[in-house]
$ cat protein.pdb   # PDB, C-alpha atoms and all ligand atoms
ATOM      1  CA  MET A   1       1.898  21.726  17.007
ATOM      2  CA  ILE A   2       0.330  20.371  13.833
ATOM      3  CA  ILE A   3       2.127  17.611  11.950
ATOM      4  CA  ASP A   4       0.855  16.224   8.666
ATOM      5  CA  PHE A   5       2.252  12.700   8.619
ATOM      6  CA  HIS A   6       1.356  11.879   5.020
ATOM      7  CA  THR A   7       2.302  14.162   2.137
ATOM      8  CA  HIS A   8       3.989  13.890  -1.241
ATOM      9  CA  CYS A   9       6.143  16.046  -3.477
ATOM     10  CA  PHE A  10       8.558  15.371  -6.321
ATOM     11  CA  PRO A  11      11.862  16.759  -7.566
ATOM     12  CA  ASP A  12      11.228  19.932  -9.610
ATOM     13  CA  LYS A  13      12.323  18.444 -12.909
ATOM     14  CA  ILE A  14       9.778  15.598 -12.815
ATOM     15  CA  ALA A  15       6.965  17.157 -10.737
ATOM     16  CA  ALA A  16       4.831  18.370 -13.656
ATOM     17  CA  ARG A  17       5.073  15.062 -15.546
ATOM     18  CA  ALA A  18       4.451  12.944 -12.434
ATOM     19  CA  MET A  19       1.391  15.006 -11.524
ATOM     20  CA  GLU A  20      -0.082  14.710 -15.035
ATOM     21  CA  GLN A  21       0.244  10.912 -14.886
ATOM     22  CA  LEU A  22      -1.108  10.628 -11.348
ATOM     23  CA  LYS A  23      -4.044  12.947 -12.090
ATOM     24  CA  LEU A  24      -5.151  10.737 -14.960
ATOM     25  CA  ARG A  25      -4.575   7.588 -12.984
ATOM     26  CA  SER A  26      -6.491   8.692  -9.898
ATOM     27  CA  GLY A  27      -9.130  10.939 -11.423
ATOM     28  CA  ILE A  28      -8.171  13.617  -8.884
ATOM     29  CA  THR A  29      -7.859  16.298 -11.503
ATOM     30  CA  MET A  30      -7.708  19.258  -9.123
ATOM     31  CA  PRO A  31      -4.903  18.521  -6.676
ATOM     32  CA  PHE A  32      -4.112  20.982  -3.893
ATOM     33  CA  HIS A  33      -0.526  21.693  -4.926
ATOM     34  CA  ASP A  34       1.532  21.346  -8.078
ATOM     35  CA  GLY A  35       3.616  18.382  -6.918
ATOM     36  CA  SER A  36       6.710  20.454  -6.157
ATOM     37  CA  LEU A  37       8.373  21.082  -2.811
ATOM     38  CA  ASP A  38       7.529  24.744  -3.162
ATOM     39  CA  GLY A  39       3.875  23.886  -3.774
ATOM     40  CA  LEU A  40       3.772  21.678  -0.690
ATOM     41  CA  LYS A  41       5.457  24.332   1.453
ATOM     42  CA  LYS A  42       2.904  26.957   0.382
ATOM     43  CA  LEU A  43      -0.023  24.646   1.180
ATOM     44  CA  GLN A  44       1.541  23.712   4.495
ATOM     45  CA  LYS A  45       1.873  27.375   5.416
ATOM     46  CA  ARG A  46      -1.656  28.215   4.259
ATOM     47  CA  ASP A  47      -3.128  25.461   6.445
ATOM     48  CA  GLY A  48      -1.009  26.110   9.534
ATOM     49  CA  VAL A  49       0.976  22.872   9.451
ATOM     50  CA  ASP A  50       4.311  22.970  11.333
ATOM     51  CA  TYR A  51       5.853  19.838   9.833
ATOM     52  CA  SER A  52       5.018  17.710   6.801
ATOM     53  CA  VAL A  53       6.281  14.153   6.508
ATOM     54  CA  VAL A  54       7.097  13.627   2.829
ATOM     55  CA  LEU A  55       6.605  10.021   1.783
ATOM     56  CA  ASN A  56       8.805   9.130  -1.168
ATOM     57  CA  ILE A  57       8.264   5.884  -3.060
ATOM     58  CA  ALA A  58      10.740   3.957  -5.247
ATOM     59  CA  THR A  59       8.364   2.497  -7.821
ATOM     60  CA  ASN A  60      11.113   0.463  -9.492
ATOM     61  CA  PRO A  61      14.558  -0.794  -8.409
ATOM     62  CA  ARG A  62      16.419   1.597 -10.760
ATOM     63  CA  GLN A  63      14.830   4.619  -9.086
ATOM     64  CA  GLN A  64      15.789   3.627  -5.583
ATOM     65  CA  THR A  65      19.010   5.643  -5.309
ATOM     66  CA  SER A  66      17.661   8.813  -6.924
ATOM     67  CA  VAL A  67      14.418   8.744  -4.917
ATOM     68  CA  ASN A  68      16.425   8.442  -1.731
ATOM     69  CA  ASN A  69      18.900  11.127  -2.792
ATOM     70  CA  PHE A  70      15.896  13.430  -3.144
ATOM     71  CA  ALA A  71      14.647  12.348   0.310
ATOM     72  CA  ILE A  72      18.066  13.041   1.839
ATOM     73  CA  SER A  73      18.193  16.462   0.151
ATOM     74  CA  LEU A  74      14.853  17.371   1.786
ATOM     75  CA  LYS A  75      16.402  16.991   5.220
ATOM     76  CA  ALA A  76      17.778  20.508   4.866
ATOM     77  CA  VAL A  77      14.312  21.999   4.360
ATOM     78  CA  GLU A  78      12.705  23.541   7.403
ATOM     79  CA  GLY A  79       9.356  21.993   8.333
ATOM     80  CA  ILE A  80       9.891  18.900   6.180
ATOM     81  CA  VAL A  81      10.583  15.399   7.487
ATOM     82  CA  PRO A  82      11.458  13.167   4.533
ATOM     83  CA  PHE A  83      11.023   9.401   4.495
ATOM     84  CA  GLY A  84      12.980   7.128   2.152
ATOM     85  CA  SER A  85      11.940   4.007   0.296
ATOM     86  CA  VAL A  86      13.410   0.708  -0.807
ATOM     87  CA  HIS A  87      12.209  -1.446  -3.669
ATOM     88  CA  PRO A  88      11.824  -5.130  -2.755
ATOM     89  CA  ASP A  89      13.325  -6.242  -6.091
ATOM     90  CA  SER A  90      16.484  -4.202  -5.673
ATOM     91  CA  PRO A  91      19.507  -6.352  -4.795
ATOM     92  CA  GLU A  92      20.785  -3.347  -2.815
ATOM     93  CA  ALA A  93      17.628  -2.858  -0.737
ATOM     94  CA  LEU A  94      19.212  -3.887   2.567
ATOM     95  CA  ASP A  95      22.357  -1.795   2.008
ATOM     96  CA  GLU A  96      20.187   1.145   1.016
ATOM     97  CA  LEU A  97      18.465   0.959   4.403
ATOM     98  CA  ASP A  98      21.898   1.357   6.035
ATOM     99  CA  ARG A  99      22.629   4.365   3.811
ATOM    100  CA  LEU A 100      19.317   5.994   4.744
ATOM    101  CA  LYS A 101      20.004   5.427   8.429
ATOM    102  CA  GLU A 102      23.502   6.906   8.133
ATOM    103  CA  ASN A 103      21.980   9.959   6.484
ATOM    104  CA  GLY A 104      19.531  10.558   9.305
ATOM    105  CA  ILE A 105      16.339   9.453   7.565
ATOM    106  CA  LYS A 106      13.673   8.545  10.128
ATOM    107  CA  GLY A 107      11.272   6.399   8.183
ATOM    108  CA  ILE A 108      10.474   4.283   5.146
ATOM    109  CA  LYS A 109       7.405   4.302   2.903
ATOM    110  CA  LEU A 110       6.343   1.043   1.325
ATOM    111  CA  HIS A 111       3.550   0.971  -1.247
ATOM    112  CA  PRO A 112       2.720  -2.663  -2.026
ATOM    113  CA  ASP A 113       0.524  -1.770  -5.043
ATOM    114  CA  TYR A 114       3.045   0.504  -6.722
ATOM    115  CA  GLN A 115       5.994  -1.696  -5.749
ATOM    116  CA  GLY A 116       4.384  -4.985  -6.814
ATOM    117  CA  PHE A 117       4.416  -7.084  -3.652
ATOM    118  CA  PHE A 118       1.925  -8.485  -1.176
ATOM    119  CA  VAL A 119       2.518  -7.271   2.357
ATOM    120  CA  ASP A 120       2.826 -10.801   3.743
ATOM    121  CA  GLU A 121       5.128 -12.174   1.029
ATOM    122  CA  GLU A 122       8.135 -14.082   2.296
ATOM    123  CA  LYS A 123      10.632 -12.058   0.247
ATOM    124  CA  MET A 124       9.697  -9.009   2.338
ATOM    125  CA  LEU A 125      10.572 -10.487   5.705
ATOM    126  CA  PRO A 126      14.349  -9.765   5.620
ATOM    127  CA  ILE A 127      13.526  -6.154   4.685
ATOM    128  CA  TYR A 128      11.064  -5.858   7.571
ATOM    129  CA  GLU A 129      13.569  -7.342  10.003
ATOM    130  CA  LYS A 130      16.303  -4.998   8.830
ATOM    131  CA  ILE A 131      13.956  -2.016   9.140
ATOM    132  CA  GLY A 132      13.083  -3.216  12.630
ATOM    133  CA  SER A 133      16.737  -3.578  13.637
ATOM    134  CA  LEU A 134      17.505  -0.043  12.417
ATOM    135  CA  GLY A 135      14.468   1.368  14.229
ATOM    136  CA  PHE A 136      12.857   3.138  11.249
ATOM    137  CA  ILE A 137       9.197   4.123  11.239
ATOM    138  CA  THR A 138       7.456   2.298   8.364
ATOM    139  CA  VAL A 139       4.413   3.687   6.584
ATOM    140  CA  PHE A 140       2.478   1.155   4.508
ATOM    141  CA  HIS A 141      -0.070   2.179   1.966
ATOM    142  CA  SER A 142      -2.954   0.077   3.240
ATOM    143  CA  GLY A 143      -6.198  -0.914   1.501
ATOM    144  CA  PHE A 144      -7.188  -0.119  -2.070
ATOM    145  CA  ASP A 145      -5.464   2.597  -4.034
ATOM    146  CA  ILE A 146      -7.688   4.907  -6.021
ATOM    147  CA  GLY A 147      -5.269   4.758  -8.973
ATOM    148  CA  TYR A 148      -4.641   1.043  -8.946
ATOM    149  CA  PRO A 149      -6.709  -2.000  -9.935
ATOM    150  CA  GLU A 150      -7.480  -4.944  -7.638
ATOM    151  CA  PRO A 151      -6.178  -7.039  -5.980
ATOM    152  CA  ILE A 152      -5.410  -5.117  -2.810
ATOM    153  CA  HIS A 153      -1.789  -5.807  -1.877
ATOM    154  CA  CYS A 154      -2.005  -4.716   1.762
ATOM    155  CA  THR A 155      -5.162  -5.634   3.639
ATOM    156  CA  PRO A 156      -5.494  -4.985   7.380
ATOM    157  CA  LYS A 157      -5.644  -8.758   7.903
ATOM    158  CA  ALA A 158      -2.429  -9.490   5.988
ATOM    159  CA  LEU A 159      -0.643  -6.546   7.595
ATOM    160  CA  SER A 160      -1.557  -7.786  11.064
ATOM    161  CA  THR A 161       0.381 -11.012  10.425
ATOM    162  CA  VAL A 162       3.717  -9.281   9.677
ATOM    163  CA  LEU A 163       3.830  -6.614  12.397
ATOM    164  CA  LYS A 164       5.960  -8.905  14.561
ATOM    165  CA  TYR A 165       8.890  -8.758  12.111
ATOM    166  CA  PHE A 166       9.381  -5.060  12.864
ATOM    167  CA  GLY A 167      10.077  -5.687  16.550
ATOM    168  CA  ASP A 168       9.630  -2.431  18.466
ATOM    169  CA  ALA A 169       9.950  -0.225  15.370
ATOM    170  CA  PRO A 170       6.708   1.704  14.724
ATOM    171  CA  VAL A 171       4.474   0.721  11.797
ATOM    172  CA  VAL A 172       1.818   3.002  10.313
ATOM    173  CA  ALA A 173      -1.121   1.693   8.275
ATOM    174  CA  ALA A 174      -2.075   4.631   6.070
ATOM    175  CA  HIS A 175      -5.626   5.640   5.252
ATOM    176  CA  PHE A 176      -6.967   4.376   8.584
ATOM    177  CA  GLY A 177      -5.916   0.857   7.615
ATOM    178  CA  GLY A 178      -7.603   1.170   4.217
ATOM    179  CA  LEU A 179     -10.251   3.422   2.703
ATOM    180  CA  CYS A 180     -13.597   1.653   3.175
ATOM    181  CA  ALA A 181     -11.829  -1.186   5.031
ATOM    182  CA  ARG A 182     -12.973  -0.036   8.462
ATOM    183  CA  PRO A 183     -14.694  -3.285   9.581
ATOM    184  CA  GLU A 184     -11.522  -5.226   8.700
ATOM    185  CA  THR A 185      -9.321  -2.645  10.421
ATOM    186  CA  LEU A 186     -11.511  -2.947  13.498
ATOM    187  CA  GLU A 187     -11.207  -6.724  13.449
ATOM    188  CA  TYR A 188      -7.495  -7.122  12.683
ATOM    189  CA  LEU A 189      -5.632  -3.929  13.607
ATOM    190  CA  ALA A 190      -7.619  -2.174  16.338
ATOM    191  CA  GLY A 191      -5.812  -2.329  19.657
ATOM    192  CA  LYS A 192      -2.622  -3.677  18.055
ATOM    193  CA  ASN A 193       0.773  -1.999  18.116
ATOM    194  CA  VAL A 194       0.247  -0.090  14.880
ATOM    195  CA  TYR A 195      -0.506   3.535  14.027
ATOM    196  CA  LEU A 196      -3.302   4.610  11.663
ATOM    197  CA  ASP A 197      -3.151   7.824   9.645
ATOM    198  CA  THR A 198      -6.114   9.847   8.380
ATOM    199  CA  ALA A 199      -4.706  10.343   4.866
ATOM    200  CA  TYR A 200      -7.376  10.801   2.211
ATOM    201  CA  CYS A 201     -10.099  10.015   4.771
ATOM    202  CA  TYR A 202     -11.826  13.383   4.267
ATOM    203  CA  GLY A 203     -15.128  12.581   2.587
ATOM    204  CA  MET A 204     -14.470   8.836   2.915
ATOM    205  CA  LEU A 205     -14.896   8.280   6.652
ATOM    206  CA  THR A 206     -17.600   9.684   8.911
ATOM    207  CA  PRO A 207     -16.462  11.119  12.247
ATOM    208  CA  GLY A 208     -18.799   8.744  14.098
ATOM    209  CA  LYS A 209     -17.301   5.634  12.501
ATOM    210  CA  ALA A 210     -13.799   6.954  13.069
ATOM    211  CA  LYS A 211     -14.573   7.577  16.736
ATOM    212  CA  GLU A 212     -15.860   4.006  17.179
ATOM    213  CA  LEU A 213     -12.552   2.699  15.894
ATOM    214  CA  ILE A 214     -10.459   5.152  17.914
ATOM    215  CA  ASP A 215     -12.273   4.170  21.116
ATOM    216  CA  VAL A 216     -11.058   0.598  20.600
ATOM    217  CA  HIS A 217      -7.655   1.398  19.127
ATOM    218  CA  GLY A 218      -6.504   4.337  21.255
ATOM    219  CA  ALA A 219      -6.105   7.995  20.250
ATOM    220  CA  ASP A 220      -2.381   7.746  21.047
ATOM    221  CA  LYS A 221      -1.949   5.693  17.834
ATOM    222  CA  ILE A 222      -3.785   7.949  15.365
ATOM    223  CA  LEU A 223      -1.862  10.403  13.169
ATOM    224  CA  LEU A 224      -3.118  13.342  11.133
ATOM    225  CA  GLY A 225      -2.317  12.815   7.455
ATOM    226  CA  SER A 226      -3.685  14.647   4.429
ATOM    227  CA  ASP A 227      -2.171  12.834   1.450
ATOM    228  CA  ALA A 228      -1.415  16.267  -0.040
ATOM    229  CA  PRO A 229      -1.518  17.088  -2.931
ATOM    230  CA  TRP A 230      -4.570  14.801  -3.191
ATOM    231  CA  ASN A 231      -6.306  16.266  -0.147
ATOM    232  CA  SER A 232      -5.527  19.460   1.719
ATOM    233  CA  PRO A 233      -4.351  19.472   5.323
ATOM    234  CA  GLU A 234      -7.175  21.820   6.351
ATOM    235  CA  GLN A 235      -9.768  19.221   5.297
ATOM    236  CA  ASP A 236      -8.213  16.490   7.390
ATOM    237  CA  ILE A 237      -7.537  18.795  10.349
ATOM    238  CA  GLU A 238     -11.226  19.719  10.357
ATOM    239  CA  LEU A 239     -12.164  16.027  10.028
ATOM    240  CA  VAL A 240     -10.089  15.233  13.143
ATOM    241  CA  ARG A 241     -11.748  18.130  14.969
ATOM    242  CA  CYS A 242     -15.130  16.531  14.227
ATOM    243  CA  PHE A 243     -14.156  13.121  15.655
ATOM    244  CA  GLY A 244     -15.508  14.083  19.085
ATOM    245  CA  LEU A 245     -12.245  13.503  20.940
ATOM    246  CA  THR A 246     -11.214  15.143  24.196
ATOM    247  CA  GLU A 247      -9.015  18.222  23.845
ATOM    248  CA  GLU A 248      -5.980  16.235  24.898
ATOM    249  CA  GLN A 249      -6.703  13.415  22.431
ATOM    250  CA  GLU A 250      -7.259  15.899  19.618
ATOM    251  CA  LYS A 251      -3.924  17.568  20.287
ATOM    252  CA  ALA A 252      -2.233  14.170  20.244
ATOM    253  CA  VAL A 253      -3.795  13.201  16.900
ATOM    254  CA  LEU A 254      -3.068  16.581  15.269
ATOM    255  CA  GLY A 255       0.601  16.530  16.215
ATOM    256  CA  GLY A 256       1.550  15.222  19.643
ATOM    257  CA  ASN A 257       1.730  11.566  18.623
ATOM    258  CA  ALA A 258       3.800  12.407  15.556
ATOM    259  CA  GLN A 259       6.064  14.712  17.545
ATOM    260  CA  ARG A 260       6.822  11.819  19.911
ATOM    261  CA  LEU A 261       7.395   9.353  17.061
ATOM    262  CA  LEU A 262       9.646  11.703  15.106
ATOM    263  CA  ASN A 263      11.494  13.072  18.128
ATOM    264  CA  LEU A 264      10.754  16.677  17.177
TER     265      LEU A 264
HETATM  266 ZN    ZN B   1      -0.209   8.945  -0.105
END

$ encode --input "protein.pdb" --output "structure tokens" --more "lines below"
Ligand SMILES: [Zn+2]
Amino acid sequence: MIIDFHTHCFPDKIAARAMEQLKLRSGITMPFHDGSLDGLKKLQKRDGVDYSVVLNIATNPRQQTSVNNFAISLKAVEGIVPFGSVHPDSPEALDELDRLKENGIKGIKLHPDYQGFFVDEEKMLPIYEKIGSLGFITVFHSGFDIGYPEPIHCTPKALSTVLKYFGDAPVVAAHFGGLCARPETLEYLAGKNVYLDTAYCYGMLTPGKAKELIDVHGADKILLGSDAPWNSPEQDIELVRCFGLTEEQEKAVLGGNAQRLLNL
């Protein structure tokens, strides 16, 4: 089974506008799908992906409810596992986590750059503890964002200091802990109770360097992610196949680990 743990799509009525803005912001002017659910589903099918985890992000407090309504609506779509999002400045953030849980959402995406917080800020701790108590999976955008200026809001070092607030609930540091942040990931996250995804690593991470990190961290905590529409699943699947893992490890990274995490 192949599970892409890191994808994006938008509601049909805003997809075209959102993609135009994000293309200009990131410089990725030839994305692999058009930003719609239909576009993602077609790409998923083309590349042989069984499930795509769709990471939704509330980029301001006003959007929180509508972003999560979209996430909840995606639950009905075969092959899609939607994650919700809360905005740290929303007074309803904690209640919204309850609503997401009641609606069967399995995870939360937090993007410190787009949501304007530092991962180790004190205001975040009640949110982390609540997420932990509800047992959500949390995906953090980690390291620099191609469409966002410095400073980096989630470094591997800072993330390592807040993992304890999530208790036993799984935390994922996207982009292998941060694009080009591999030495810091090795120092502060390797071997810890945190998952790393391969999102947007195609062309950014050599298989040899990835393997060095996986040997320390454990292949049971690595997840295939493409960051579609910005990369295609087939690129990241092929990247994983070049890591030099055993057959069993490769299967785990391409889907087995995610299947376990998501209870699929
Ligand atoms: Zn992403």

$ atom_distance --input "protein.pdb" --atom1 "atom CA of A:Ala228" --atom2 "atom CA of A:Pro170"
22.3 Å

$ residues_near_ligand --input "protein.pdb" --ligand "ligand ZN 1 (chain B)" --cutoff "7 Å" --atoms "only C-alpha atoms and all ligand atoms" --output "ChimeraX atom specification"
/A:6-8,199,227

$ residues_around --input "protein.pdb" --residues "A:Met204" --least-positions-apart "3" --cutoff "9 Å" --atoms "all atoms listed in the file" --output "PyMOL selection string"
chain A and resi 179-180+200-201

$ resolve_selection --input "protein.pdb" --expression "the PyMOL selection byres (((chain A and resi 226) around 12) and not hetatm)" --output "tab-separated table (two decimals) with C-alpha atoms, in the frame of the given file"
chain	number	residue	atom	x	y	z
A	2	ILE	CA	0.33	20.37	13.83
A	3	ILE	CA	2.13	17.61	11.95
A	4	ASP	CA	0.86	16.22	8.67
A	5	PHE	CA	2.25	12.70	8.62
A	6	HIS	CA	1.36	11.88	5.02
A	7	THR	CA	2.30	14.16	2.14
A	8	HIS	CA	3.99	13.89	-1.24
A	31	PRO	CA	-4.90	18.52	-6.68
A	32	PHE	CA	-4.11	20.98	-3.89
A	40	LEU	CA	3.77	21.68	-0.69
A	43	LEU	CA	-0.02	24.65	1.18
A	44	GLN	CA	1.54	23.71	4.50
A	47	ASP	CA	-3.13	25.46	6.44
A	49	VAL	CA	0.98	22.87	9.45
A	52	SER	CA	5.02	17.71	6.80
A	53	VAL	CA	6.28	14.15	6.51
A	54	VAL	CA	7.10	13.63	2.83
A	55	LEU	CA	6.60	10.02	1.78
A	174	ALA	CA	-2.08	4.63	6.07
A	175	HIS	CA	-5.63	5.64	5.25
A	176	PHE	CA	-6.97	4.38	8.58
A	197	ASP	CA	-3.15	7.82	9.64
A	198	THR	CA	-6.11	9.85	8.38
A	199	ALA	CA	-4.71	10.34	4.87
A	200	TYR	CA	-7.38	10.80	2.21
A	201	CYS	CA	-10.10	10.02	4.77
A	202	TYR	CA	-11.83	13.38	4.27
A	203	GLY	CA	-15.13	12.58	2.59
A	223	LEU	CA	-1.86	10.40	13.17
A	224	LEU	CA	-3.12	13.34	11.13
A	225	GLY	CA	-2.32	12.82	7.46
A	227	ASP	CA	-2.17	12.83	1.45
A	228	ALA	CA	-1.42	16.27	-0.04
A	229	PRO	CA	-1.52	17.09	-2.93
A	230	TRP	CA	-4.57	14.80	-3.19
A	231	ASN	CA	-6.31	16.27	-0.15
A	232	SER	CA	-5.53	19.46	1.72
A	233	PRO	CA	-4.35	19.47	5.32
A	234	GLU	CA	-7.18	21.82	6.35
A	235	GLN	CA	-9.77	19.22	5.30
A	236	ASP	CA	-8.21	16.49	7.39
A	237	ILE	CA	-7.54	18.80	10.35
A	238	GLU	CA	-11.23	19.72	10.36
A	239	LEU	CA	-12.16	16.03	10.03
A	240	VAL	CA	-10.09	15.23	13.14
A	254	LEU	CA	-3.07	16.58	15.27

$ atom_distance --input "protein.pdb" --atom1 "atom CA of A:Val194" --atom2 "atom CA of A:Leu245"
19.4 Å

$ closest_residue --input "protein.pdb" --among "A:Ser160, A:Ser85, A:Thr185, A:Ser133" --to "A:Pro112" --atoms "all atoms listed in the file"
A:Ser85

$ resolve_selection --input "protein.pdb" --expression "the PyMOL selection byres (((chain A and resi 88) around 9) and not hetatm)" --output "list in words"
Asn60, Pro61, Val86, His87, Asp89, Ser90, Pro91, Ala93, Gln115, Gly116, Phe117, Lys123, Met124 and Ile127 of chain A

$ atom_distance --input "protein.pdb" --atom1 "atom CA of A:Leu264" --atom2 "atom CA of A:Ile137"
14.0 Å

$ closest_residue --input "protein.pdb" --among "A:Glu250, A:Lys221, A:Pro151, A:Tyr51" --to "A:Ile80" --atoms "only C-alpha atoms"
A:Tyr51

$ residues_around --input "protein.pdb" --residues "A:Asp145" --least-positions-apart "4" --cutoff "9 Å" --atoms "only C-alpha atoms" --output "MDAnalysis selection string"
chainID A and resid 26 113 141 149:150 152 178:179

$ write_last_selection --input "protein.pdb" --atoms "C-alpha atoms" --output "PDB file, in the frame of the given file"
ATOM      1  CA  SER A  26      -6.491   8.692  -9.898  1.00  0.00           C
ATOM      2  CA  ASP A 113       0.524  -1.770  -5.043  1.00  0.00           C
ATOM      3  CA  HIS A 141      -0.070   2.179   1.966  1.00  0.00           C
ATOM      4  CA  PRO A 149      -6.709  -2.000  -9.935  1.00  0.00           C
ATOM      5  CA  GLU A 150      -7.480  -4.944  -7.638  1.00  0.00           C
ATOM      6  CA  ILE A 152      -5.410  -5.117  -2.810  1.00  0.00           C
ATOM      7  CA  GLY A 178      -7.603   1.170   4.217  1.00  0.00           C
ATOM      8  CA  LEU A 179     -10.251   3.422   2.703  1.00  0.00           C
TER       9      LEU A 179
END

$ closest_residue --input "protein.pdb" --among "A:Cys9, A:Leu24, A:Leu134, A:Ala210" --to "A:Leu74" --atoms "only C-alpha atoms"
A:Cys9

$ resolve_selection --input "protein.pdb" --expression "the PyMOL selection byres (((chain A and resi 108) around 6) and not hetatm)" --output "JSON, numbers by chain"
{"A": [83, 84, 85, 107, 109, 138]}

$ closest_residue --input "protein.pdb" --among "A:Arg17, A:Lys45, A:His153, A:Lys251" --to "A:Ala219" --atoms "all atoms listed in the file"
A:Lys251

$ residues_around --input "protein.pdb" --residues "A:Lys164" --least-positions-apart "5" --cutoff "10 Å" --atoms "only C-alpha atoms" --output "list of chain:residue names"
A:Tyr128, A:Glu129, A:Gly132, A:Leu159, A:Ala169, A:Asn193

$ axis_aligned_box --input "protein.pdb" --around "stretch 162-178 of chain A" --padding-each-side "4 Å" --output "JSON"
{"center_x": 1.2, "center_y": -1.8, "center_z": 11.3, "size_x": 25.7, "size_y": 22.9, "size_z": 22.2}

$ closest_residue --input "protein.pdb" --among "A:Ile28, A:Asp95, A:Gly48, A:Ile105" --to "A:Lys75" --atoms "all atoms listed in the file"
A:Ile105

$ residues_around --input "protein.pdb" --residues "A:Gly27" --least-positions-apart "6" --cutoff "12 Å" --atoms "all atoms listed in the file" --output "count of residues only"
8

$ closest_residue --input "protein.pdb" --among "A:Leu213, A:Ala15, A:Leu205, A:Leu22" --to "A:Gly35" --atoms "only C-alpha atoms"
A:Ala15
